[in-house]
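Trainee: This one is start05.cif, mmCIF, C-alpha atoms.
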data_final
loop_
_atom_site.label_atom_id
_atom_site.label_comp_id
_atom_site.auth_asym_id
_atom_site.auth_seq_id
_atom_site.Cartn_x
_atom_site.Cartn_y
_atom_site.Cartn_z
CA MET O 1 -4.34 6.28 12.52
CA ALA O 2 -6.86 4.51 14.69
CA GLN O 3 -8.21 2.31 11.95
CA GLY O 4 -4.77 0.99 11.10
CA LYS O 5 -3.94 0.31 14.71
CA ASP O 6 -7.10 -1.67 15.34
CA ALA O 7 -6.86 -3.55 12.08
CA THR O 8 -3.47 -4.95 13.03
CA LYS O 9 -4.36 -5.94 16.58
CA LYS O 10 -3.18 -9.40 17.52
CA ARG O 11 -5.78 -12.11 17.09
CA GLY O 12 -3.83 -15.31 17.67
CA ASN O 13 -2.86 -16.34 21.17
CA LYS O 14 -1.12 -19.39 22.64
CA LEU O 15 -4.33 -20.99 23.90
CA GLY O 16 -5.96 -20.67 20.52
CA PHE O 17 -2.99 -22.20 18.75
CA TRP O 18 -2.82 -25.03 21.32
CA PHE O 19 -6.49 -25.74 20.63
CA PHE O 20 -5.92 -26.10 16.90
CA GLN O 21 -2.66 -28.03 17.33
CA SER O 22 -4.38 -30.59 19.56
CA SER O 23 -7.27 -30.83 17.18
CA LEU O 24 -4.93 -31.44 14.27
CA ARG O 25 -3.36 -34.38 16.11
CA ILE O 26 -6.73 -35.85 17.07
CA PHE O 27 -9.04 -35.07 14.14
CA GLY O 28 -6.60 -34.55 11.29
CA LEU O 29 -6.67 -31.78 8.72
CA ALA O 30 -10.29 -32.00 7.52
CA GLY O 31 -11.64 -32.39 11.07
CA THR O 32 -9.73 -29.32 12.23
CA TYR O 33 -11.10 -27.28 9.34
CA GLY O 34 -14.54 -28.07 10.76
CA LEU O 35 -13.68 -26.24 13.98
CA LEU O 36 -13.05 -23.09 11.99
CA TYR O 37 -16.73 -22.58 11.25
CA PRO O 38 -17.86 -21.65 14.81
CA VAL O 39 -14.60 -19.79 15.51
CA CYS O 40 -14.93 -17.69 12.35
CA LEU O 41 -18.60 -17.09 13.11
CA TYR O 42 -17.50 -15.65 16.44
CA TYR O 43 -15.09 -13.27 14.67
CA LEU O 44 -17.77 -12.39 12.12
CA LEU O 45 -20.15 -11.38 14.91
CA CYS O 46 -17.73 -9.84 17.39
CA ASP O 47 -14.71 -8.47 15.55
CA ARG O 48 -16.11 -5.41 13.84
CA THR O 49 -12.69 -4.14 12.77
CA ALA O 50 -11.79 -7.39 11.00
CA VAL O 51 -15.17 -7.41 9.27
CA SER O 52 -14.86 -3.76 8.28
CA VAL O 53 -11.39 -4.07 6.69
CA SER O 54 -12.42 -7.28 4.94
CA MET O 55 -15.55 -5.60 3.65
CA ALA O 56 -13.37 -2.94 1.99
CA TYR O 57 -12.13 -5.70 -0.31
CA ILE O 58 -15.36 -7.69 -0.57
CA LYS O 59 -17.54 -4.79 -1.66
CA ARG O 60 -15.12 -3.99 -4.51
CA ARG O 61 -14.59 -7.60 -5.52
CA PHE O 62 -18.29 -8.50 -5.39
CA LYS O 63 -19.94 -5.31 -6.57
CA ASN O 64 -23.22 -7.04 -7.39
CA HIS O 65 -23.63 -8.86 -4.08
CA ASN O 66 -26.17 -7.64 -1.57
CA ALA O 67 -25.39 -7.00 2.10
CA PHE O 68 -26.16 -10.57 3.20
CA GLN O 69 -24.06 -12.09 0.42
CA ARG O 70 -21.18 -9.84 1.36
CA ILE O 71 -21.33 -10.97 4.98
CA CYS O 72 -21.14 -14.55 3.69
CA ASP O 73 -18.15 -13.54 1.52
CA VAL O 74 -16.35 -12.16 4.58
CA TYR O 75 -17.13 -15.37 6.48
CA ARG O 76 -15.63 -17.42 3.62
CA LEU O 77 -12.56 -15.18 3.70
CA PHE O 78 -12.10 -15.80 7.44
CA ILE O 79 -12.49 -19.55 7.02
CA GLN O 80 -10.01 -19.63 4.18
CA GLN O 81 -7.52 -17.63 6.26
CA GLY O 82 -8.04 -20.13 9.10
CA LYS O 83 -7.32 -23.03 6.74
CA ASN O 84 -4.23 -21.22 5.59
CA LEU O 85 -2.90 -20.98 9.17
CA ILE O 86 -3.77 -24.61 9.94
CA ASP O 87 -2.02 -25.73 6.73
CA ARG O 88 1.02 -23.76 7.72
CA TYR O 89 1.16 -25.42 11.14
CA TYR O 90 0.48 -28.83 9.55
CA VAL O 91 3.67 -28.49 7.52
CA VAL O 92 5.79 -26.78 10.18
CA SER O 93 4.94 -29.43 12.77
CA GLY O 94 5.97 -32.18 10.35
CA GLN O 95 2.54 -33.82 10.24
CA GLY O 96 2.43 -33.87 6.48
CA GLN O 97 2.96 -32.05 3.21
CA PHE O 98 0.73 -30.65 0.51
CA ASP O 99 0.83 -31.45 -3.17
CA THR O 100 2.07 -28.46 -5.09
CA GLU O 101 1.82 -27.66 -8.75
CA LEU O 102 4.44 -25.15 -9.77
CA TYR O 103 3.88 -22.92 -12.81
CA GLY O 104 6.86 -21.10 -14.31
CA TYR O 105 9.61 -23.09 -12.59
CA ASP O 106 11.61 -23.61 -15.80
CA LYS O 107 11.47 -19.91 -16.57
CA ILE O 108 12.87 -18.86 -13.20
CA LYS O 109 15.47 -21.64 -13.32
CA THR O 110 16.66 -20.36 -16.70
CA LEU O 111 16.81 -16.79 -15.41
CA LEU O 112 18.98 -17.89 -12.51
CA ASN O 113 21.22 -20.08 -14.65
CA THR O 114 21.87 -17.49 -17.32
CA SER O 115 22.78 -14.59 -15.06
CA GLN O 116 25.17 -13.91 -12.21
CA LYS O 117 22.37 -11.92 -10.60
CA GLY O 118 19.52 -13.36 -8.57
CA VAL O 119 15.88 -12.38 -8.86
CA ILE O 120 13.39 -10.48 -6.76
CA LEU O 121 10.26 -12.39 -5.87
CA LEU O 122 7.35 -10.07 -5.50
CA THR O 123 4.51 -11.58 -3.57
CA ALA O 124 1.40 -10.59 -1.66
CA HIS O 125 -0.73 -11.74 1.26
CA VAL O 126 -2.68 -14.13 -0.91
CA GLY O 127 -2.91 -17.91 -0.78
CA ASN O 128 -0.15 -19.34 1.38
CA TRP O 129 3.08 -17.57 0.52
CA GLN O 130 5.03 -19.30 3.31
CA LEU O 131 4.24 -22.70 1.83
CA ALA O 132 5.16 -21.36 -1.58
CA MET O 133 8.60 -20.48 -0.21
CA THR O 134 9.05 -24.08 0.93
CA ALA O 135 8.32 -25.25 -2.62
CA LEU O 136 11.10 -23.04 -3.96
CA LYS O 137 13.76 -24.94 -2.03
CA LYS O 138 14.56 -26.94 -5.11
CA LEU O 139 15.94 -23.85 -6.82
CA GLY O 140 18.91 -24.35 -4.51
CA LYS O 141 19.28 -20.64 -3.75
CA THR O 142 19.18 -18.75 -0.50
CA VAL O 143 15.94 -16.82 -0.21
CA TYR O 144 16.12 -13.53 1.68
CA LEU O 145 12.77 -12.36 3.02
CA LEU O 146 12.61 -8.59 3.29
CA MET O 147 10.04 -8.28 6.02
CA ARG O 148 9.03 -6.75 9.31
CA PRO O 149 9.80 -9.05 12.23
CA GLU O 150 6.67 -10.83 13.48
CA ASP O 151 5.78 -9.21 16.79
CA ASN O 152 3.06 -11.61 17.85
CA ILE O 153 5.04 -14.18 19.87
CA ALA O 154 2.32 -16.84 19.61
CA VAL O 155 2.24 -16.57 15.82
CA LYS O 156 6.02 -16.44 15.61
CA GLU O 157 6.55 -19.57 17.72
CA THR O 158 3.69 -21.64 16.38
CA LEU O 159 3.82 -20.83 12.71
CA ASP O 160 7.58 -20.38 12.43
CA ILE O 161 6.93 -17.15 10.55
CA ASP O 162 10.30 -15.45 10.55
CA SER O 163 12.77 -18.02 11.78
CA GLU O 164 15.89 -18.36 9.71
CA LYS O 165 16.44 -21.72 8.11
CA GLU O 166 19.18 -23.28 6.09
CA ASN O 167 18.12 -21.56 2.87
CA VAL O 168 15.89 -18.79 4.22
CA LYS O 169 17.30 -15.62 5.76
CA ILE O 170 15.55 -12.53 6.99
CA ILE O 171 16.44 -8.96 6.07
CA SER O 172 14.52 -6.83 8.51
CA THR O 173 12.86 -3.69 7.18
CA GLU O 174 13.79 -2.21 10.53
CA ASN O 175 17.45 -2.29 9.46
CA PHE O 176 19.20 0.79 8.11
CA LEU O 177 17.33 2.22 5.10
CA SER O 178 14.67 -0.49 5.43
CA GLY O 179 17.10 -3.20 4.35
CA ALA O 180 17.08 -1.97 0.73
CA ILE O 181 20.86 -2.02 0.31
CA GLU O 182 21.19 -5.46 1.89
CA ALA O 183 18.47 -6.68 -0.47
CA MET O 184 20.37 -5.37 -3.47
CA ASP O 185 23.59 -6.90 -2.22
CA ALA O 186 21.84 -10.28 -1.87
CA VAL O 187 20.48 -10.09 -5.44
CA ASN O 188 23.88 -9.04 -6.77
CA LYS O 189 25.33 -12.20 -5.23
CA GLY O 190 22.85 -14.37 -7.14
CA ASN O 191 20.33 -14.92 -4.35
CA ILE O 192 16.57 -14.53 -4.28
CA VAL O 193 14.99 -11.66 -2.36
CA SER O 194 11.31 -11.88 -1.55
CA ILE O 195 9.34 -8.67 -1.02
CA MET O 196 5.68 -8.11 -0.20
CA GLY O 197 4.05 -5.88 -2.76
CA ASP O 198 0.54 -5.35 -1.47
CA ARG O 199 1.10 -2.62 1.11
CA PRO O 200 3.68 0.18 1.16
CA TYR O 201 4.87 -0.18 4.79
CA GLU O 202 8.15 1.79 4.91
CA TYR O 203 8.57 2.00 1.15
CA SER O 204 7.61 4.69 -1.27
CA SER O 205 4.54 3.96 -3.33
CA VAL O 206 2.72 4.89 -6.51
CA GLU O 207 -0.94 4.58 -7.36
CA ALA O 208 -2.42 1.95 -9.61
CA SER O 209 -5.97 0.90 -10.27
CA PHE O 210 -7.05 -2.20 -8.37
CA LEU O 211 -10.63 -3.48 -8.49
CA GLY O 212 -11.74 -0.24 -10.05
CA GLU O 213 -10.17 2.24 -7.65
CA LYS O 214 -6.76 3.75 -6.96
CA VAL O 215 -4.51 1.96 -4.49
CA SER O 216 -0.99 2.85 -3.38
CA PHE O 217 1.36 -0.02 -4.08
CA PRO O 218 5.02 -0.02 -3.03
CA TYR O 219 7.54 0.14 -5.84
CA GLY O 220 10.61 -0.86 -3.81
CA ALA O 221 10.92 -4.24 -5.52
CA PHE O 222 11.02 -2.61 -8.96
CA SER O 223 13.39 0.10 -7.88
CA ILE O 224 15.84 -2.40 -6.39
CA ALA O 225 15.52 -4.63 -9.46
CA ALA O 226 16.17 -1.71 -11.82
CA ALA O 227 19.25 -0.74 -9.83
CA ALA O 228 20.51 -4.32 -9.63
CA GLN O 229 19.54 -5.03 -13.28
CA CYS O 230 17.64 -8.16 -12.34
CA PRO O 231 14.08 -9.37 -13.05
CA VAL O 232 11.09 -9.29 -10.72
CA VAL O 233 9.25 -12.61 -10.56
CA VAL O 234 5.72 -12.47 -9.20
CA LEU O 235 5.01 -15.27 -6.73
CA LEU O 236 1.39 -16.19 -6.05
CA SER O 237 -0.07 -19.29 -4.50
CA ALA O 238 -3.59 -20.61 -4.06
CA LYS O 239 -5.21 -23.50 -2.25
CA VAL O 240 -7.13 -25.50 -4.84
CA SER O 241 -8.20 -28.50 -2.75
CA THR O 242 -7.79 -29.81 0.80
CA LYS O 243 -4.32 -31.17 0.09
CA LYS O 244 -3.20 -29.19 -2.93
CA TYR O 245 -1.74 -25.76 -3.67
CA ILE O 246 -0.77 -24.20 -6.95
CA ILE O 247 2.24 -21.89 -7.00
CA ASP O 248 2.57 -19.48 -9.89
CA ILE O 249 5.92 -17.89 -10.69
CA SER O 250 5.29 -17.49 -14.39
CA HIS O 251 4.92 -13.68 -14.43
CA VAL O 252 8.24 -11.92 -14.95
CA ILE O 253 8.58 -8.13 -14.98
CA GLU O 254 11.88 -6.54 -16.06
CA PRO O 255 12.09 -2.99 -14.70
CA ARG O 256 14.66 -0.87 -16.54
CA TYR O 257 15.08 2.88 -16.75
CA SER O 258 15.45 4.05 -20.33
CA SER O 259 16.17 7.57 -19.09
CA ARG O 260 16.02 9.56 -15.87
CA ALA O 261 13.11 11.57 -17.17
CA LYS O 262 11.04 8.46 -17.77
CA LYS O 263 12.05 6.69 -14.55
CA GLN O 264 8.90 7.47 -12.58
CA GLU O 265 6.61 6.54 -15.45
CA GLU O 266 8.45 3.27 -16.09
CA ILE O 267 8.19 2.31 -12.43
CA LYS O 268 4.47 3.13 -12.53
CA ASP O 269 4.05 0.83 -15.52
CA CYS O 270 5.62 -2.02 -13.53
CA VAL O 271 3.34 -1.37 -10.56
CA ARG O 272 0.30 -1.27 -12.85
CA GLU O 273 1.34 -4.59 -14.37
CA PHE O 274 1.63 -6.11 -10.89
CA ALA O 275 -1.79 -4.71 -9.89
CA ALA O 276 -3.31 -6.26 -13.01
CA ILE O 277 -1.77 -9.65 -12.09
CA LEU O 278 -3.28 -9.35 -8.61
CA GLU O 279 -6.65 -8.51 -10.14
CA ASP O 280 -6.50 -11.65 -12.25
CA TYR O 281 -5.63 -13.60 -9.12
CA VAL O 282 -8.60 -12.37 -7.08
CA ALA O 283 -10.86 -13.00 -10.08
CA LYS O 284 -9.87 -16.67 -9.88
CA TYR O 285 -9.47 -17.02 -6.11
CA PRO O 286 -11.69 -14.40 -4.48
CA SER O 287 -11.54 -15.93 -0.99
CA GLN O 288 -7.76 -16.04 -0.79
CA TRP O 289 -7.02 -12.32 -0.52
CA PHE O 290 -5.63 -11.95 3.00
CA VAL O 291 -4.74 -8.28 3.08
CA PHE O 292 -6.76 -7.39 6.15
CA HIS O 293 -6.42 -3.68 5.64
CA ASP O 294 -8.42 -1.09 3.75
CA ILE O 295 -5.85 -0.43 1.05
CA TRP O 296 -8.29 1.86 -0.80
CA LYS O 297 -8.45 4.26 2.10
CA ARG O 298 -6.24 7.28 1.44
CA ASN O 299 -3.08 7.89 3.49
CA ASN O 300 -2.80 4.33 4.77
CA MET Q 301 52.11 16.98 -8.00
CA PRO Q 302 49.24 15.05 -6.31
CA ASN Q 303 46.36 17.04 -4.85
CA SER Q 304 46.24 17.52 -1.13
CA LYS Q 305 43.66 15.50 0.77
CA GLU Q 306 41.45 18.55 1.29
CA GLU Q 307 41.51 19.45 -2.41
CA GLU Q 308 40.63 15.90 -3.32
CA LEU Q 309 37.78 15.82 -0.79
CA THR Q 310 36.42 19.11 -2.14
CA ARG Q 311 36.42 17.67 -5.64
CA ILE Q 312 34.68 14.48 -4.47
CA ARG Q 313 32.03 16.46 -2.56
CA LYS Q 314 31.31 18.52 -5.68
CA ASN Q 315 31.06 15.38 -7.81
CA LEU Q 316 28.77 13.70 -5.30
CA LYS Q 317 26.42 16.67 -5.14
CA GLU Q 318 26.22 16.91 -8.93
CA MET Q 319 25.69 13.17 -9.13
CA LEU Q 320 22.85 13.20 -6.59
CA VAL Q 321 21.00 16.09 -8.21
CA LYS Q 322 21.41 14.70 -11.73
CA ASP Q 323 20.95 10.97 -11.21
CA LEU Q 324 18.32 11.05 -8.48
CA SER Q 325 16.41 13.72 -10.41
CA LEU Q 326 16.20 15.97 -7.36
CA GLU Q 327 13.78 18.66 -8.36
CA ASP Q 328 14.29 22.31 -7.40
CA ILE Q 329 17.67 21.55 -5.82
CA ARG Q 330 20.99 22.72 -7.24
CA PRO Q 331 24.24 20.97 -6.29
CA GLU Q 332 25.45 24.12 -4.52
CA ASP Q 333 22.28 24.12 -2.35
CA ILE Q 334 23.34 20.90 -0.63
CA LYS Q 335 25.42 21.57 2.46
CA ASP Q 336 28.42 19.35 3.15
CA ASN Q 337 27.08 18.31 6.55
CA GLU Q 338 23.38 18.15 5.66
CA ILE Q 339 21.71 14.86 6.63
CA LEU Q 340 20.90 13.01 3.41
CA PHE Q 341 18.04 10.80 4.53
CA GLY Q 342 14.82 11.56 6.35
CA GLU Q 343 14.45 15.09 7.56
CA GLY Q 344 17.59 16.43 5.91
CA LEU Q 345 17.71 16.31 2.14
CA GLY Q 346 14.71 13.98 2.24
CA LEU Q 347 16.20 10.99 0.41
CA ASP Q 348 14.67 7.57 1.08
CA SER Q 349 15.82 3.96 1.10
CA LEU Q 350 15.23 3.59 -2.64
CA ASP Q 351 17.46 6.59 -3.34
CA ALA Q 352 20.08 4.78 -1.24
CA VAL Q 353 19.91 1.82 -3.60
CA GLU Q 354 20.64 4.15 -6.50
CA ILE Q 355 23.47 5.84 -4.63
CA VAL Q 356 25.05 2.41 -4.12
CA VAL Q 357 24.91 1.86 -7.89
CA LEU Q 358 26.30 5.34 -8.55
CA LEU Q 359 29.21 4.77 -6.17
CA GLN Q 360 29.95 1.54 -7.95
CA ARG Q 361 29.69 3.07 -11.42
CA ASN Q 362 31.53 6.31 -10.75
CA PHE Q 363 34.07 5.36 -8.11
CA GLY Q 364 34.38 1.58 -8.38
CA LEU Q 365 33.14 1.22 -4.82
CA GLU Q 366 30.95 -1.46 -3.30
CA VAL Q 367 29.13 -0.81 -0.06
CA LYS Q 368 28.82 -4.15 1.63
CA ASN Q 369 29.29 -3.57 5.31
CA MET Q 370 25.90 -2.43 6.51
CA ASP Q 371 27.25 -1.89 10.02
CA GLN Q 372 29.02 1.12 8.55
CA GLY Q 373 26.11 2.12 6.31
CA LYS Q 374 24.58 4.56 8.74
CA GLU Q 375 27.83 6.49 9.11
CA ILE Q 376 28.72 6.39 5.41
CA PHE Q 377 25.35 7.64 4.16
CA TYR Q 378 24.92 10.30 6.82
CA SER Q 379 25.96 13.35 4.78
CA ILE Q 380 27.98 14.48 1.76
CA ASP Q 381 30.97 14.84 4.10
CA THR Q 382 30.80 11.26 5.35
CA LEU Q 383 30.12 9.94 1.86
CA ALA Q 384 33.09 11.89 0.47
CA ASN Q 385 35.35 10.57 3.22
CA TYR Q 386 34.27 7.02 2.43
CA VAL Q 387 34.94 7.55 -1.28
CA TYR Q 388 38.33 9.13 -0.55
CA GLU Q 389 39.41 6.28 1.69
CA ASN Q 390 38.16 3.46 -0.51
CA LYS Q 391 37.95 4.48 -4.14
CA LYS Q 392 39.64 2.23 -6.63
CA GLY Q 393 39.16 4.03 -9.95
CA ASP Q 394 39.44 7.68 -10.75
CA SER Q 395 36.18 9.59 -10.89
#
Using structure tokens, write down the structure that the file contains.
Mentor:
Amino acid sequence: MAQGKDATKKRGNKLGFWFFQSSLRIFGLAGTYGLLYPVCLYYLLCDRTAVSVSMAYIKRRFKNHNAFQRICDVYRLFIQQGKNLIDRYYVVSGQGQFDTELYGYDKIKTLLNTSQKGVILLTAHVGNWQLAMTALKKLGKTVYLLMRPEDNIAVKETLDIDSEKENVKIISTENFLSGAIEAMDAVNKGNIVSIMGDRPYEYSSVEASFLGEKVSFPYGAFSIAAAAQCPVVVLLSAKVSTKKYIIDISHVIEPRYSSRAKKQEEIKDCVREFAAILEDYVAKYPSQWFVFHDIWKRNN
Amino acid sequence: MPNSKEEELTRIRKNLKEMLVKDLSLEDIRPEDIKDNEILFGEGLGLDSLDAVEIVVLLQRNFGLEVKNMDQGKEIFYSIDTLANYVYENKKGDS
């Protein structure tokens, strides 16, 4: 589909990253944020695809805004995404850390301590999920990221997107059966598996209402959790000030099949619950929804 | 007298087909409709990765088997025949 192809075209390149890296060293974090304003204005004026897919979200999130306000909303979204990337590099390059406030830590710690099984972390392209992962180090568990390998070399090298670390391993969705069996094996061994829940990619999906219209959300996380008899913990993060993030892992969903006949309906209920959590999130942090894709468009 | 290998494999294939139809809620498919060499995933029987997760659980529950070696996964999950062979070679409990 042409729209999907364009929407995922690569926007970061090595020169661009070098520019921001140098700026970070010279001007610091706040100074580098300042450079985002002209850069994002360029994208706002010249990247029609990025504006169009962002507008799909903005017009549903801000139903009462007029055309000009919506353009400003898209601009804010771009700037926030830029800050997100700069923050990521700031941490990866060892120039500093962010304060993090973690909600729900005790709950997830108890879940892990009282069961032989691990948990599935269900997250989305909101806030700064990579930084959120860093904050989960103190759980002392290996985190397996079920994800597509990053194919933009500049992004991969600069932002350290899918490199394996001491306690972070990658299960590629390009593996046999999209890595689902490896994910279940990892959970069965007491580890944490992180899955993106905002777009179906290779996984089967069901519809749930999101911002007033039907959207297909993947249910792989719930299906794996039901099979492995483990909980799904929703992981969301949000930037709340220049140097502070909040990380919320307080929402726990326990998918279980009461019978085969009800399986599909029970999975749908889980997906609806997740969609409602995402709706609450974008109500609070409207400029931190970084799913640059028209998820409301049918057959995505 | 113990069953011959072929008899045992036939029994396992039948069990597997019944298990798939019943536990994966395959609609409009009867166990006898599934061919022994039919590809299970994708274009064959049309199962997906999430069905695979459930098959792993079913193998564990019904045959005491754990599928851990993903290098072999592609061969094991190819068809009822390959799945039956895997069960025959590795099963711990009696189905």
Trainee: Tell me which of O:Gln288, O:Ser204, O:Thr134, O:Ser209 sits closest to chain Q, counting only C-alpha atoms.
Mentor: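 Selected residue with least distance to chain Q: O:Ser204.
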Trainee: Might you pull out every residue within 8 Å of region 329-339 of chain Q, with all atoms listed in the file counted and same-chain residues fewer than 2 positions away left off, and present them as a ChimeraX atom specification?
Mentor: /Q:313-314,317-318,320-321,326-327,341-345,378-381
Trainee: List the neighbours of Leu309 (chain Q) out to 8 Å using all atoms listed in the file; skip same-chain residues closer than 4 positions along the sequence, and give me the result as an mmCIF file with C-alpha atoms, in the frame of the given file.
Mentor:
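As a result, selection-v1.cif now contains:
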data_model
loop_
_atom_site.group_PDB
_atom_site.id
_atom_site.type_symbol
_atom_site.label_atom_id
_atom_site.label_comp_id
_atom_site.auth_asym_id
_atom_site.auth_seq_id
_atom_site.Cartn_x
_atom_site.Cartn_y
_atom_site.Cartn_z
ATOM 1 C CA LYS Q 305 43.660 15.500 0.770
ATOM 2 C CA ARG Q 313 32.030 16.460 -2.560
ATOM 3 C CA ALA Q 384 33.090 11.890 0.470
ATOM 4 C CA ASN Q 385 35.350 10.570 3.220
ATOM 5 C CA TYR Q 388 38.330 9.130 -0.550
#
Trainee: Find the nearest atom pair between each residue of chain Q and chain O for residues within 8 Å, count only C-alpha atoms, give distances in Å to one decimal, sort rows by chain and ascending number, and present the table as JSON lines.
Mentor:
{"residue": "Q:Asp323", "atom": "CA", "partner": "O:Arg260", "partner_atom": "CA", "distance": 6.9}
{"residue": "Q:Leu324", "atom": "CA", "partner": "O:Arg260", "partner_atom": "CA", "distance": 7.9}
{"residue": "Q:Ser325", "atom": "CA", "partner": "O:Arg260", "partner_atom": "CA", "distance": 6.9}
{"residue": "Q:Asp348", "atom": "CA", "partner": "O:Leu177", "partner_atom": "CA", "distance": 7.2}
{"residue": "Q:Ser349", "atom": "CA", "partner": "O:Leu177", "partner_atom": "CA", "distance": 4.6}
{"residue": "Q:Leu350", "atom": "CA", "partner": "O:Gly220", "partner_atom": "CA", "distance": 6.5}
{"residue": "Q:Ala352", "atom": "CA", "partner": "O:Ile181", "partner_atom": "CA", "distance": 7.0}
{"residue": "Q:Val353", "atom": "CA", "partner": "O:Ile181", "partner_atom": "CA", "distance": 5.6}
{"residue": "Q:Glu354", "atom": "CA", "partner": "O:Ala227", "partner_atom": "CA", "distance": 6.1}
{"residue": "Q:Val356", "atom": "CA", "partner": "O:Ile181", "partner_atom": "CA", "distance": 7.5}
{"residue": "Q:Val357", "atom": "CA", "partner": "O:Ala227", "partner_atom": "CA", "distance": 6.5}
{"residue": "Q:Lys368", "atom": "CA", "partner": "O:Asp185", "partner_atom": "CA", "distance": 7.1}
{"residue": "Q:Met370", "atom": "CA", "partner": "O:Glu182", "partner_atom": "CA", "distance": 7.3}
{"residue": "Q:Gly373", "atom": "CA", "partner": "O:Phe176", "partner_atom": "CA", "distance": 7.3}
{"residue": "Q:Lys374", "atom": "CA", "partner": "O:Phe176", "partner_atom": "CA", "distance": 6.6}
Trainee: Can you tell me, as number ranges by chain, what residues are no more than 6 Å from Ala124 (chain O) when counting only C-alpha atoms, ignoring any on the same chain fewer than 2 positions away?
Mentor: O: 126, 196-198
Trainee: Taking the file as I've supplied it (selection: the PyMOL selection byres ((chain O and resi 60) around 10)), which residues are included? Please answer as a PyMOL selection string.
Mentor: chain O and resi 55-59+61-65+210-213+296
Trainee: Which one of O:Gly82, O:Gly31, O:Pro286, O:Pro231 sits closest to Pro255 (chain O) if you count all atoms listed in the file?
Mentor: O:Pro231
Trainee: Would you compute the distance between CA of Ile86 (chain O) and CA of Val234 (chain O)? Give it in Å to one decimal.
Mentor: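 These two atoms are separated by 24.6 Å.
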Trainee: Between Q:Ile312, Q:Leu358, Q:Leu340, Q:Met319, which is the closest to Tyr386 (chain Q) once you count all atoms listed in the file?
Mentor: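 The answer is Q:Ile312, which sits nearest to Tyr386 (chain Q).
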Trainee: What is the CA of Phe78 (chain O) to CA of Lys214 (chain O) distance in Å?
Mentor: 24.9 Å
Trainee: Taking (23.8, -11.2, -8.2) in the file's coordinates, which residues come within 7 Å, counting only C-alpha atoms, written as number ranges by chain?
Mentor: O: 116-118, 186-191
Trainee: Please measure the separation of CA of Lys138 (chain O) and CA of Ile253 (chain O), giving the value in Å to one decimal.
Mentor: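 For CA of Lys138 (chain O) relative to CA of Ile253 (chain O), the distance reads 22.1 Å.
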Trainee: Check which residues satisfy the PyMOL selection byres ((chain O and resi 99-111) around 7) in the file shown, then give them as a PyMOL selection string.
Mentor: chain O and resi 97-98+112-115+139+243-250
